[in-house]
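Novice: Just dropping this structure here.
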Amino acid sequence: MSTMTTAPAPQLRQSLTNGRLPKWAPVAVTVLSIALGCGIGAAAGLKSHLQWGLISALLFVAVSYAVAAKVEGRRQAKDRFATSLVWVAFILAVVPLAALTFYTVQQGIAAINGNFLTHSMKGVVASTTPDGGIYHAIIGTLQQVLLATLIAAPIGLLTAVYLVEYGRGRLAKAVTFFVDVMTGIPSVVAGLFILSLWNIVLGFGYSGFSGSLALAILMMPVVVRSTEEMLKLVPNELREASYALGVPKWKTILRIVLPTAVGGITTGVMLAVARITGETAPVMMLVFGSDVINNDPFNNPQQSLPLYIWQQYSMVNNDFGYQRAWGAALVLIAFVMALNLVARGIARWRSPKSGH
Amino acid sequence: MAKRIDVSGLSAYYGTTKAIEDISMTVEPRSVTAFIGPSGCGKSTFLRTLNRMHEVIPGARVEGKVMLDDENLYGSGVDPVAVRRAVGMVFQRPNPFPTMSIYDNVVAGLRLAGVKKKSVLDGVVEKSLKGANLWNEVKDRLSKPGAGLSGGQQQRLCIARAIAVEPQVLLMDEPCSALDPISTLAIEDLIGELKSQYTIVIVTHNMQQAARVSDRTAFFNLAGVGQPGRLIELDDTQRIFSNPSVQATEDYISGRFG
């Protein structure tokens with residue numbers, strides 16, 4: 001045995017300690033690369049601050065790697081390299097979002113006032129005065145989205161339950177396939193479909209409901225997909241535990257499976273709602289747009305926020321129109337954001353608890 | 001309340017794979033029968049055929065007869081839901097319903113069967129939790145989530161949930177394999193108490209446990225990988241562990257294989 005140990009050990013580092021960059025190093029590298037990036041940008045006479053930023057980002061990745069390689073060794077350097085790439089990617093993703101929100105608030109806040117939120121465009125000459133508001137568009141959007149949700153959410157939910165709990169064989173595969181296909185339907189095609197079926201073949205006029213039908217088509221596959229994923233997450237053990245108590249399958253689904261997944265399902269539905277709230281094309285074709293308040297979504301044209309924004313921007317097409325468009329855009333974003341917050345709240349509130 | 005189980009010529013399949021073959025045995029009422037054997041020999045599969053949980057898995061099917069006293073569980077017109085009400089089950093991993101409180105977990109079976117009266121449910125909760133030796137630990141926090149209990153408590157909660165519907169037979173699929181020795185002891189004591197009222201069948205990998213809790217022991221084995229599992233022998237636990245009639249049983253128990 002002792003002869004074995006005399007063989008030379010492979011070239012492994014013996015010491016357990018190693019050079020470590022101090023904790024403030026990443027911050028220092030960030031500051032340094034931003035300073036360098038701006039310096040290079042200014043020196044090269046680049047006008048766009050975006051270019052300055054990109055140079056800084058590249059420098060940040062390179063400097064992190066170089067510094068870590070020098071002090072900490074190659075493995076740590078790779079780690080730092082990957083970490084800095086993740087950070088850069090994160091910032092690249094967040095910057096447009098933050099910029100968009102900031103810009104919309106900056107442009108739109110001036111338009112928001114009591115009058116704007118509580119009045120329609122009835123009797124307003126849009127291109128010559130700053131008057132008028134979005135009340136009719138808010139009413140329209142709320143009603144259309146609510147109707148679309150009432151149609152799409154139950155159908156989508158039941159489809160998902162079928163696919164996860166019952167679906168076997170050909171039919172389930174076909175349903176899954178068509179749901180996938182539906183996910184890819186462009187909104188303008190959904191609008192055209194309803195326009196030809198509902199408005200032309202069946203002869204109904206423009207209405208909020210007509211738009212809701214198209215929105216429901218867009219919403220359904222999203223609801224099916226998200227609900228399906230949530231139901232799959234419910235452990236099979238819970239279903240078995242319920243069966244073993246002599247509970248029938250339908251009751252197991254209704255009382256055990258769905259309540260366990262309700263947080264995720266609600267989030268999914270809310271996100272689908274948020275998605276259709278901003279749809280413009282089908283609304284343009286089917287709801288048509290209106291300057292006056294129409295509280296009846298089943299008869300006559302209505303207005304909706306996205307359509308209002310488009311009309312103010314492209315048809316009024318001057319500063320008054322732009323101002324109203326930005327205001328409406330801000331309200332639309334706030335609405336979608338509020339929906340997301342509600343969805344998160346519900347998900348947290350309803351999620352299975354393990355606390356004491 | 002307790003009933004005798006009489007199995008004859010039972011085979012179970014997963015799709016085209018035969019998992020267990022031609023099993024016949026009698027499980028006596030008001031006793032504990034333990035199933036032992038190496039992994040994959042079909043103990044759990046066999047257990048699940050006793051309350052028709054086997055067929056919950058897509059493609060699974062069963063051939064043969066399981067008599068509960070004088071009713072064939074696999075006879076035509078038998079409702080699997082009714083079977084499972086009569087033959088309860090406790091699983092390997094504690095699985096309380098995560099959305100429900102301790103109270104709701106215990107009465108889940110009854111409530112989902114349509115029992116609504118609060119006084120009845122209150123009584124059942126106390127009786128079942130006392131039956132599962134959990135009452136003293138949780139009586140002050142019945143409205144707290146069941147998932148907040150420790151592993152051993154959760155498993156006793158699952159046992160309480162299973163006995164709350166007053167089954168005739170209680171099947172336990174390795175109920176202690178996820179638990180520490182103290183919780184295991186609690187559950188073994190509980191099994192000893194429950195057997196005065198129920199027919200209990202327990203699958204275990206722990207031979208000492210089988211020796212401690214069971215009156216009769218069944219040894220399962222399989223001839224080789226891919227072969228279906230078979231019942232090798234069933235006898236009084238005392239005899240199985242001291243003087244088994246089949247060599248393979250002795251080899252398994254003494255640790256020579258498996």
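Ligands are numbered from 1 in the order shown, residues from 1 within each chain, and chains are lettered A, B, ... in the order they appear in the structure tokens.
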If we count only C-alpha atoms, which residues of chain B reach to within 6 Å of chain A? Please list them as a PyMOL selection string.
Specialist: chain B and resi 81+84-85+88-89+98-99+109+147-148
Novice: So that I can see what lies close to stretch 80-92 of chain A, please list as a ChimeraX atom specification the residues with an atom at most 8 Å from it, counting only C-alpha atoms and leaving out residues fewer than 4 positions away in the same chain.
Specialist: /A:57,60-62,64-65,68,76,96
Novice: Those residues you just picked out, can you put them in a file as a JSON list (two decimals), in the first residue's frame with N, CA and C atoms?
Specialist:
```
[["chain", "number", "residue", "atom", "x", "y", "z"],
["A", 57, "ALA", "N", -21.07, 48.63, -21.89],
["A", 57, "ALA", "CA", -21.47, 47.26, -21.57],
["A", 57, "ALA", "C", -20.38, 46.28, -22.01],
["A", 60, "PHE", "N", -17.52, 46.55, -19.75],
["A", 60, "PHE", "CA", -17.83, 45.95, -18.45],
["A", 60, "PHE", "C", -17.55, 44.45, -18.47],
["A", 61, "VAL", "N", -18.04, 43.78, -19.52],
["A", 61, "VAL", "CA", -17.82, 42.34, -19.63],
["A", 61, "VAL", "C", -16.33, 42.04, -19.74],
["A", 62, "ALA", "N", -15.64, 42.80, -20.62],
["A", 62, "ALA", "CA", -14.22, 42.54, -20.85],
["A", 62, "ALA", "C", -13.39, 42.81, -19.59],
["A", 64, "SER", "N", -14.36, 42.92, -16.43],
["A", 64, "SER", "CA", -14.64, 41.94, -15.39],
["A", 64, "SER", "C", -13.81, 40.70, -15.60],
["A", 65, "TYR", "N", -13.81, 40.23, -16.85],
["A", 65, "TYR", "CA", -13.08, 39.00, -17.14],
["A", 65, "TYR", "C", -11.58, 39.19, -16.91],
["A", 68, "ALA", "N", -10.68, 39.61, -13.13],
["A", 68, "ALA", "CA", -10.84, 38.36, -12.40],
["A", 68, "ALA", "C", -9.78, 37.36, -12.81],
["A", 76, "GLN", "N", -12.70, 31.34, -11.86],
["A", 76, "GLN", "CA", -13.44, 32.48, -11.32],
["A", 76, "GLN", "C", -13.72, 33.52, -12.41],
["A", 96, "PRO", "N", -35.41, 49.32, -22.22],
["A", 96, "PRO", "CA", -36.55, 49.72, -23.07],
["A", 96, "PRO", "C", -37.85, 49.83, -22.28]]
```
Novice: When DSSP works through the backbone of this structure, what residues of stretch 108-302 of chain A end up as alpha helix (DSSP H), shown as a PyMOL selection string?
Specialist: chain A and resi 108+114-118+135-161+169-183+187-194+208-233+236-244+249-252+258-277+281-286
Novice: For A:Gly140, list every protein, DNA or RNA residue within 8 Å, evaluated using only C-alpha atoms, and leave out those in the same chain fewer than 2 positions away; present the list as a ChimeraX atom specification.
Specialist: /A:136-138,142-144,208,294-295,297,302-305
Novice: Go ahead and save the residues from that selection, with N, CA and C atoms, as a JSON list (two decimals), in the first residue's frame.
Specialist:
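Result written to again.json:
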```
[["chain", "number", "residue", "atom", "x", "y", "z"],
["A", 136, "HIS", "N", -65.58, 57.50, -23.04],
["A", 136, "HIS", "CA", -66.24, 56.51, -23.89],
["A", 136, "HIS", "C", -65.31, 55.36, -24.26],
["A", 137, "ALA", "N", -64.02, 55.66, -24.41],
["A", 137, "ALA", "CA", -63.06, 54.60, -24.75],
["A", 137, "ALA", "C", -62.83, 53.66, -23.57],
["A", 138, "ILE", "N", -62.78, 54.25, -22.36],
["A", 138, "ILE", "CA", -62.60, 53.41, -21.17],
["A", 138, "ILE", "C", -63.78, 52.46, -21.02],
["A", 142, "LEU", "N", -63.44, 48.40, -21.25],
["A", 142, "LEU", "CA", -63.85, 47.57, -20.12],
["A", 142, "LEU", "C", -64.90, 46.56, -20.53],
["A", 143, "GLN", "N", -65.90, 47.03, -21.26],
["A", 143, "GLN", "CA", -66.99, 46.13, -21.63],
["A", 143, "GLN", "C", -66.52, 45.06, -22.61],
["A", 144, "GLN", "N", -65.74, 45.47, -23.60],
["A", 144, "GLN", "CA", -65.29, 44.49, -24.59],
["A", 144, "GLN", "C", -64.39, 43.44, -23.96],
["A", 208, "GLY", "N", -69.54, 46.46, -29.80],
["A", 208, "GLY", "CA", -68.49, 46.04, -28.88],
["A", 208, "GLY", "C", -68.43, 44.53, -28.80],
["A", 294, "ASN", "N", -71.26, 55.05, -25.70],
["A", 294, "ASN", "CA", -72.25, 54.03, -26.00],
["A", 294, "ASN", "C", -72.13, 52.95, -24.93],
["A", 295, "ASN", "N", -73.11, 52.93, -24.03],
["A", 295, "ASN", "CA", -73.02, 51.97, -22.92],
["A", 295, "ASN", "C", -73.52, 50.59, -23.29],
["A", 297, "PRO", "N", -72.89, 47.41, -25.33],
["A", 297, "PRO", "CA", -71.87, 46.76, -26.15],
["A", 297, "PRO", "C", -72.47, 45.89, -27.26],
["A", 302, "GLN", "N", -68.72, 51.22, -30.74],
["A", 302, "GLN", "CA", -68.21, 51.73, -29.47],
["A", 302, "GLN", "C", -66.81, 52.28, -29.72],
["A", 303, "GLN", "N", -66.21, 52.76, -28.66],
["A", 303, "GLN", "CA", -64.82, 53.18, -28.76],
["A", 303, "GLN", "C", -63.99, 52.25, -27.88],
["A", 304, "SER", "N", -62.70, 52.22, -28.11],
["A", 304, "SER", "CA", -61.83, 51.50, -27.18],
["A", 304, "SER", "C", -60.50, 52.24, -27.10],
["A", 305, "LEU", "N", -59.75, 52.01, -26.04],
["A", 305, "LEU", "CA", -58.54, 52.81, -25.81],
["A", 305, "LEU", "C", -57.51, 52.68, -26.93]]
```
Novice: Hey, what's within 8 Å of stretch 154-161 of chain A if we count only C-alpha atoms and toss same-chain stuff fewer than 3 positions away? As a list in words, please?
Specialist: Leu150, Ile151, Val164, Glu165, Tyr166, Met220, Pro221, Val223, Val224, Arg225, Thr227, Glu228 and Leu231 of chain A
Novice: Okay, now the selection with C-alpha atoms, as a compact mmCIF listing (two decimals), in the first residue's frame?
Specialist:
```
# COMPACT_ATOMS: atom_id res chain seq x y z
CA LEU A 150 -66.56 35.80 -20.06
CA ILE A 151 -66.51 33.90 -23.34
CA VAL A 164 -54.92 17.39 -18.55
CA GLU A 165 -57.47 15.21 -16.76
CA TYR A 166 -59.34 13.33 -19.45
CA MET A 220 -58.66 31.38 -25.61
CA PRO A 221 -55.41 29.63 -26.55
CA VAL A 223 -55.88 30.65 -21.26
CA VAL A 224 -55.74 26.99 -22.34
CA ARG A 225 -51.96 26.95 -22.39
CA THR A 227 -54.16 26.65 -17.30
CA GLU A 228 -52.81 23.41 -18.74
CA LEU A 231 -52.95 21.82 -13.78
```
Novice: Mind giving me the straight-line distance from atom CA of B:Ala34 to atom CA of B:Pro58 in Å, one decimal?
Specialist: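 Between atom CA of B:Ala34 and atom CA of B:Pro58 the gap works out to 27.4 Å.
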Novice: I want to know what sits within 6 Å of stretch 4-11 of chain B, based on only C-alpha atoms, with residues of the same chain fewer than 3 positions away left out; could you give that as a list in words?
Specialist: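 Near stretch 4-11 of chain B, the qualifying residues are Ile20, Glu21, Asp22, Ile23, Ser24, Met25, Thr26, Val27, Glu28, Pro29, Val62, Glu63, Gly64, Lys65, Val66, Met67, Leu68 and Asp69 of chain B.
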Novice: Selection from above, N, CA and C atoms, as a CSV table (one decimal), in the first residue's frame, can you write it?
Specialist:
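Final output, part12.csv:
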```csv
chain,number,residue,atom,x,y,z
B,20,ILE,N,-47.5,-8.2,-11.9
B,20,ILE,CA,-47.6,-9.3,-10.9
B,20,ILE,C,-48.4,-10.4,-11.5
B,21,GLU,N,-48.2,-11.6,-11.1
B,21,GLU,CA,-48.8,-12.8,-11.8
B,21,GLU,C,-49.4,-13.7,-10.7
B,22,ASP,N,-50.6,-14.0,-11.0
B,22,ASP,CA,-51.3,-15.2,-10.4
B,22,ASP,C,-51.1,-15.1,-8.9
B,23,ILE,N,-51.6,-14.1,-8.2
B,23,ILE,CA,-51.4,-14.0,-6.8
B,23,ILE,C,-52.8,-14.4,-6.1
B,24,SER,N,-52.7,-15.3,-5.2
B,24,SER,CA,-53.8,-15.7,-4.4
B,24,SER,C,-53.4,-15.7,-2.9
B,25,MET,N,-54.3,-15.0,-2.1
B,25,MET,CA,-54.0,-15.0,-0.7
B,25,MET,C,-55.2,-14.6,0.1
B,26,THR,N,-55.2,-14.8,1.3
B,26,THR,CA,-56.3,-14.3,2.2
B,26,THR,C,-55.8,-13.4,3.2
B,27,VAL,N,-56.4,-12.3,3.4
B,27,VAL,CA,-56.0,-11.3,4.4
B,27,VAL,C,-57.1,-11.3,5.5
B,28,GLU,N,-56.7,-11.7,6.7
B,28,GLU,CA,-57.6,-11.9,7.8
B,28,GLU,C,-58.1,-10.5,8.3
B,29,PRO,N,-59.4,-10.5,8.7
B,29,PRO,CA,-59.9,-9.2,9.3
B,29,PRO,C,-59.3,-9.0,10.7
B,62,VAL,N,-56.3,-5.2,-14.6
B,62,VAL,CA,-56.2,-6.2,-13.6
B,62,VAL,C,-57.0,-7.4,-14.1
B,63,GLU,N,-56.5,-8.6,-13.9
B,63,GLU,CA,-57.2,-9.9,-14.1
B,63,GLU,C,-57.3,-10.6,-12.8
B,64,GLY,N,-58.4,-11.3,-12.6
B,64,GLY,CA,-58.5,-12.1,-11.4
B,64,GLY,C,-59.6,-11.6,-10.5
B,65,LYS,N,-59.6,-12.1,-9.3
B,65,LYS,CA,-60.7,-11.8,-8.4
B,65,LYS,C,-60.2,-11.3,-7.0
B,66,VAL,N,-60.9,-10.3,-6.5
B,66,VAL,CA,-60.6,-9.8,-5.1
B,66,VAL,C,-61.9,-9.8,-4.4
B,67,MET,N,-62.1,-10.7,-3.4
B,67,MET,CA,-63.4,-10.7,-2.7
B,67,MET,C,-63.2,-10.0,-1.4
B,68,LEU,N,-64.1,-9.0,-1.2
B,68,LEU,CA,-64.2,-8.3,0.1
B,68,LEU,C,-65.4,-8.9,0.8
B,69,ASP,N,-65.1,-9.8,1.8
B,69,ASP,CA,-66.2,-10.7,2.3
B,69,ASP,C,-66.8,-11.5,1.2
```
Novice: If we count only C-alpha atoms and set the cut-off at 8 Å, which residues sit around stretch 125-135 of chain B, ignoring sequence neighbours fewer than 2 positions away in its own chain? Please answer as a PyMOL selection string.
Specialist: chain B and resi 103+106-107+121-123+137-139+153+156-157+159-161+163-164+186+190+194
Novice: Print the selection's residues with C-alpha atoms to a file, as a short mmCIF file (atom, residue, chain, number, x, y, z; two decimals), in the first residue's frame.
Specialist:
```
data_model
loop_
_atom_site.label_atom_id
_atom_site.label_comp_id
_atom_site.auth_asym_id
_atom_site.auth_seq_id
_atom_site.Cartn_x
_atom_site.Cartn_y
_atom_site.Cartn_z
CA TYR B 103 -59.73 20.30 10.01
CA VAL B 106 -59.62 15.32 8.02
CA VAL B 107 -63.19 15.80 6.83
CA LEU B 121 -67.96 16.84 11.13
CA ASP B 122 -66.67 18.23 14.44
CA GLY B 123 -67.20 14.85 16.04
CA GLU B 137 -50.71 18.09 19.08
CA VAL B 138 -53.11 19.93 16.79
CA LYS B 139 -56.31 20.55 18.71
CA GLN B 153 -47.62 14.69 11.85
CA ARG B 156 -50.73 10.86 10.90
CA LEU B 157 -53.02 13.53 9.48
CA ILE B 159 -54.13 8.40 8.43
CA ALA B 160 -56.78 10.44 10.26
CA ARG B 161 -58.14 11.51 6.89
CA ILE B 163 -60.04 6.59 8.86
CA ALA B 164 -62.46 9.52 8.94
CA ALA B 186 -45.81 6.74 16.70
CA LEU B 190 -51.09 3.57 15.93
CA LEU B 194 -56.11 0.44 14.68
#
```
Novice: A:Arg344: which residues within 12 Å, counting only C-alpha atoms, same-chain residues fewer than 6 positions away excluded, as JSON, numbers by chain?
Specialist: {"A": [262, 263, 264, 265, 266, 267, 268, 269, 270, 271, 337, 338, 350, 351]}
Novice: Between atom CA of A:Ile200 and atom CA of A:Leu215, measure the distance and give it in Å to one decimal.
Specialist: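 Separating atom CA of A:Ile200 from atom CA of A:Leu215 is a distance of 17.9 Å.
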